[in-house]
Amino acid sequence: MKPQTGSDPQVIVVDHPLVQHKLTLMRKKDSSTNSFRTLLNELAMLMAYEVTRDMPTQEIEIETPLETMTAKVIDGKKLVLVSILRAGTGILDGMLTVVPGARVGHIGLYRDPKTLQAVEYYFKMPKDMQERDVIVVDPMLATGNSAVAAIERVKATKPKSIKFVCLLTCPEGIATLRKAHPDVKIYTAAIDRQLNDHGYILPGLGDAGDRIFGTQ
Ligand code: URA
């Protein structure tokens, strides 16, 4: 099944039945921390498959046990996965299973509970960012403030390209991110109805960080 782009080609909804099934299980309030984490891992692998679909390849010559052939391998410098702490860690692990050679960057941001603005406390990227493609990951694109701030910081390192991967988003989050960074493609498993007054996505799945780490 092809991912859905709807009216905005920069927003890709990965509506594969496996993705949708796992997301539904994650949304259930009774899912244990263990199963939430496992599902997130599996879902992240499936999202990785979709978001890396257009990675450049080159042909190399190899020898099979029977003969010589030219075959494709991924081209260019290693991809960088940038995790927005702390919930991004959940997606990062699953994506690294599929792209084990990727480099990893971290951005520590917390959401000021009063202003809902992103406040940075940590930033560490790999070397040679100018030669690399970047995928920024965070399970929830809610107000969009963290994603906008994170992408701004990553852009300052001048990577070749940036994509953003989340599990869930809402119209408000998409609008904020699209306005600030119209060049960044958004990959999500679903677009939910709306944000509530506390910046949570409805119907959503609750606080992703708390559900991943069992800190509720
Ligand atoms: N962050 C979360 O973890 N959940 C939401 O619904 C919104 C932001």
# chains A, B, ... in the order shown; residues from 1 in each chain; ligands from 1
$ closest_atom_pairs --of "segment 185-205 of chain A" --to "segment 152-167 of chain A" --cutoff "12 Å" --atoms "only C-alpha atoms" --output "JSON lines"
{"residue": "A:Lys185", "atom": "CA", "partner": "A:Lys163", "partner_atom": "CA", "distance": 5.1}
{"residue": "A:Ile186", "atom": "CA", "partner": "A:Phe164", "partner_atom": "CA", "distance": 4.9}
{"residue": "A:Tyr187", "atom": "CA", "partner": "A:Val165", "partner_atom": "CA", "distance": 4.7}
{"residue": "A:Thr188", "atom": "CA", "partner": "A:Leu167", "partner_atom": "CA", "distance": 5.0}
{"residue": "A:Ala189", "atom": "CA", "partner": "A:Leu167", "partner_atom": "CA", "distance": 5.0}
{"residue": "A:Ala190", "atom": "CA", "partner": "A:Leu167", "partner_atom": "CA", "distance": 6.7}
{"residue": "A:Ile191", "atom": "CA", "partner": "A:Leu167", "partner_atom": "CA", "distance": 8.9}
{"residue": "A:Asp192", "atom": "CA", "partner": "A:Leu167", "partner_atom": "CA", "distance": 10.4}
{"residue": "A:Ile201", "atom": "CA", "partner": "A:Leu167", "partner_atom": "CA", "distance": 11.5}
{"residue": "A:Gly204", "atom": "CA", "partner": "A:Leu167", "partner_atom": "CA", "distance": 9.9}
{"residue": "A:Leu205", "atom": "CA", "partner": "A:Leu167", "partner_atom": "CA", "distance": 10.0}
$ write_last_selection --atoms "N, CA and C atoms" --output "PDB file, in the first residue's frame"
ATOM      1  N   LYS A 185       9.785  17.571   4.975  1.00  0.00           N
ATOM      2  CA  LYS A 185       8.689  16.607   4.808  1.00  0.00           C
ATOM      3  C   LYS A 185       8.342  15.982   6.144  1.00  0.00           C
ATOM      4  N   ILE A 186       7.042  15.826   6.414  1.00  0.00           N
ATOM      5  CA  ILE A 186       6.582  15.230   7.667  1.00  0.00           C
ATOM      6  C   ILE A 186       6.036  13.837   7.373  1.00  0.00           C
ATOM      7  N   TYR A 187       6.532  12.834   8.079  1.00  0.00           N
ATOM      8  CA  TYR A 187       6.017  11.461   7.976  1.00  0.00           C
ATOM      9  C   TYR A 187       5.312  11.140   9.277  1.00  0.00           C
ATOM     10  N   THR A 188       4.065  10.692   9.195  1.00  0.00           N
ATOM     11  CA  THR A 188       3.302  10.368  10.399  1.00  0.00           C
ATOM     12  C   THR A 188       2.423   9.141  10.139  1.00  0.00           C
ATOM     13  N   ALA A 189       2.045   8.463  11.231  1.00  0.00           N
ATOM     14  CA  ALA A 189       1.132   7.322  11.075  1.00  0.00           C
ATOM     15  C   ALA A 189      -0.320   7.789  11.095  1.00  0.00           C
ATOM     16  N   ALA A 190      -0.588   8.954  11.693  1.00  0.00           N
ATOM     17  CA  ALA A 190      -1.972   9.453  11.732  1.00  0.00           C
ATOM     18  C   ALA A 190      -2.003  10.947  12.035  1.00  0.00           C
ATOM     19  N   ILE A 191      -3.082  11.576  11.556  1.00  0.00           N
ATOM     20  CA  ILE A 191      -3.345  12.980  11.903  1.00  0.00           C
ATOM     21  C   ILE A 191      -4.613  12.983  12.739  1.00  0.00           C
ATOM     22  N   ASP A 192      -4.480  13.270  14.034  1.00  0.00           N
ATOM     23  CA  ASP A 192      -5.644  13.249  14.923  1.00  0.00           C
ATOM     24  C   ASP A 192      -6.432  14.553  14.842  1.00  0.00           C
ATOM     25  N   ILE A 201      -2.542  15.865  22.242  1.00  0.00           N
ATOM     26  CA  ILE A 201      -3.276  15.518  21.025  1.00  0.00           C
ATOM     27  C   ILE A 201      -4.504  14.693  21.397  1.00  0.00           C
ATOM     28  N   GLY A 204      -5.429  10.965  20.512  1.00  0.00           N
ATOM     29  CA  GLY A 204      -4.046  10.751  20.898  1.00  0.00           C
ATOM     30  C   GLY A 204      -3.736   9.424  21.548  1.00  0.00           C
ATOM     31  N   LEU A 205      -2.677   9.437  22.355  1.00  0.00           N
ATOM     32  CA  LEU A 205      -2.280   8.238  23.096  1.00  0.00           C
ATOM     33  C   LEU A 205      -1.725   8.600  24.464  1.00  0.00           C
TER      34      LEU A 205
END
$ residues_around --residues "Gly199 of chain A" --least-positions-apart "2" --cutoff "9 Å" --atoms "only C-alpha atoms" --output "VMD selection string"
chain A and resid 113 116 142 to 143 195 to 197 201
$ write_last_selection --atoms "N, CA, C and O atoms" --output "compact mmCIF listing (two decimals), in the first residue's frame"
# COMPACT_ATOMS: atom_id res chain seq x y z
N PRO A 113 5.60 24.11 30.82
CA PRO A 113 4.18 23.78 30.96
C PRO A 113 3.26 25.01 30.88
O PRO A 113 2.09 24.90 30.53
N LEU A 116 4.14 26.43 26.91
CA LEU A 116 4.19 25.34 25.92
C LEU A 116 5.32 25.55 24.90
O LEU A 116 5.36 24.91 23.87
N ALA A 142 2.82 17.85 18.33
CA ALA A 142 1.61 18.39 18.97
C ALA A 142 1.49 19.89 18.69
O ALA A 142 0.95 20.28 17.66
N THR A 143 2.05 20.75 19.57
CA THR A 143 2.02 22.19 19.27
C THR A 143 2.93 22.48 18.08
O THR A 143 2.74 23.46 17.37
N LEU A 195 -5.64 19.60 19.27
CA LEU A 195 -4.89 19.74 20.53
C LEU A 195 -5.85 20.17 21.62
O LEU A 195 -6.80 20.91 21.35
N ASN A 196 -5.58 19.73 22.87
CA ASN A 196 -6.36 20.30 23.96
C ASN A 196 -5.61 21.50 24.55
O ASN A 196 -4.53 21.87 24.07
N ASP A 197 -6.16 22.10 25.62
CA ASP A 197 -5.57 23.33 26.16
C ASP A 197 -4.20 23.10 26.80
O ASP A 197 -3.47 24.05 27.08
N ILE A 201 -2.54 15.86 22.24
CA ILE A 201 -3.28 15.52 21.02
C ILE A 201 -4.50 14.69 21.40
O ILE A 201 -4.42 13.77 22.22
$ residues_near_ligand --ligand "ligand 1" --cutoff "10 Å" --atoms "only C-alpha atoms and all ligand atoms" --output "VMD selection string"
chain A and resid 86 to 87 111 116 138 to 144 146 168 to 170 173 192 194 to 196 198 to 212
$ select_by_dssp --residues "segment 23-137 of chain A" --states "alpha helix (DSSP H)" --output "VMD selection string"
chain A and resid 23 to 27 33 to 51 88 to 98
$ select_by_dssp --residues "segment 73-120 of chain A" --states "strand (DSSP E)" --output "list in words"
Val73, Ile74, Val80, Leu81, Val82, Ser83, Ile84, Leu85, Arg103, Val104, Gly105, His106, Ile107, Gly108, Leu109, Tyr110, Arg111, Ala118, Val119 and Glu120 of chain A
$ write_last_selection --atoms "C-alpha atoms" --output "mmCIF file, in the first residue's frame"
data_model
loop_
_atom_site.group_PDB
_atom_site.id
_atom_site.type_symbol
_atom_site.label_atom_id
_atom_site.label_comp_id
_atom_site.auth_asym_id
_atom_site.auth_seq_id
_atom_site.Cartn_x
_atom_site.Cartn_y
_atom_site.Cartn_z
ATOM 1 C CA VAL A 73 24.113 -0.407 -2.007
ATOM 2 C CA ILE A 74 23.199 2.795 -0.205
ATOM 3 C CA VAL A 80 21.855 11.030 10.811
ATOM 4 C CA LEU A 81 18.902 10.234 13.058
ATOM 5 C CA VAL A 82 18.251 13.113 15.438
ATOM 6 C CA SER A 83 16.229 12.218 18.490
ATOM 7 C CA ILE A 84 14.333 14.889 20.397
ATOM 8 C CA LEU A 85 14.745 13.819 24.035
ATOM 9 C CA ARG A 103 24.849 8.335 13.070
ATOM 10 C CA VAL A 104 22.813 9.733 15.944
ATOM 11 C CA GLY A 105 22.293 13.282 17.180
ATOM 12 C CA HIS A 106 20.400 14.319 20.311
ATOM 13 C CA ILE A 107 18.501 17.454 21.150
ATOM 14 C CA GLY A 108 17.249 17.894 24.686
ATOM 15 C CA LEU A 109 14.119 20.012 24.793
ATOM 16 C CA TYR A 110 11.428 20.274 27.394
ATOM 17 C CA ARG A 111 8.100 21.925 27.048
ATOM 18 C CA ALA A 118 10.434 24.479 23.807
ATOM 19 C CA VAL A 119 13.427 25.081 26.090
ATOM 20 C CA GLU A 120 16.778 23.532 25.031
#
$ closest_residue --among "A:Pro65, A:Pro100, A:Pro9, A:Gly76" --to "Ala48 of chain A" --atoms "only C-alpha atoms"
A:Pro100
$ residues_around --residues "segment 52-54 of chain A" --least-positions-apart "6" --cutoff "10 Å" --atoms "only C-alpha atoms" --output "MDAnalysis selection string"
chainID A and resid 79 98:99 135 163
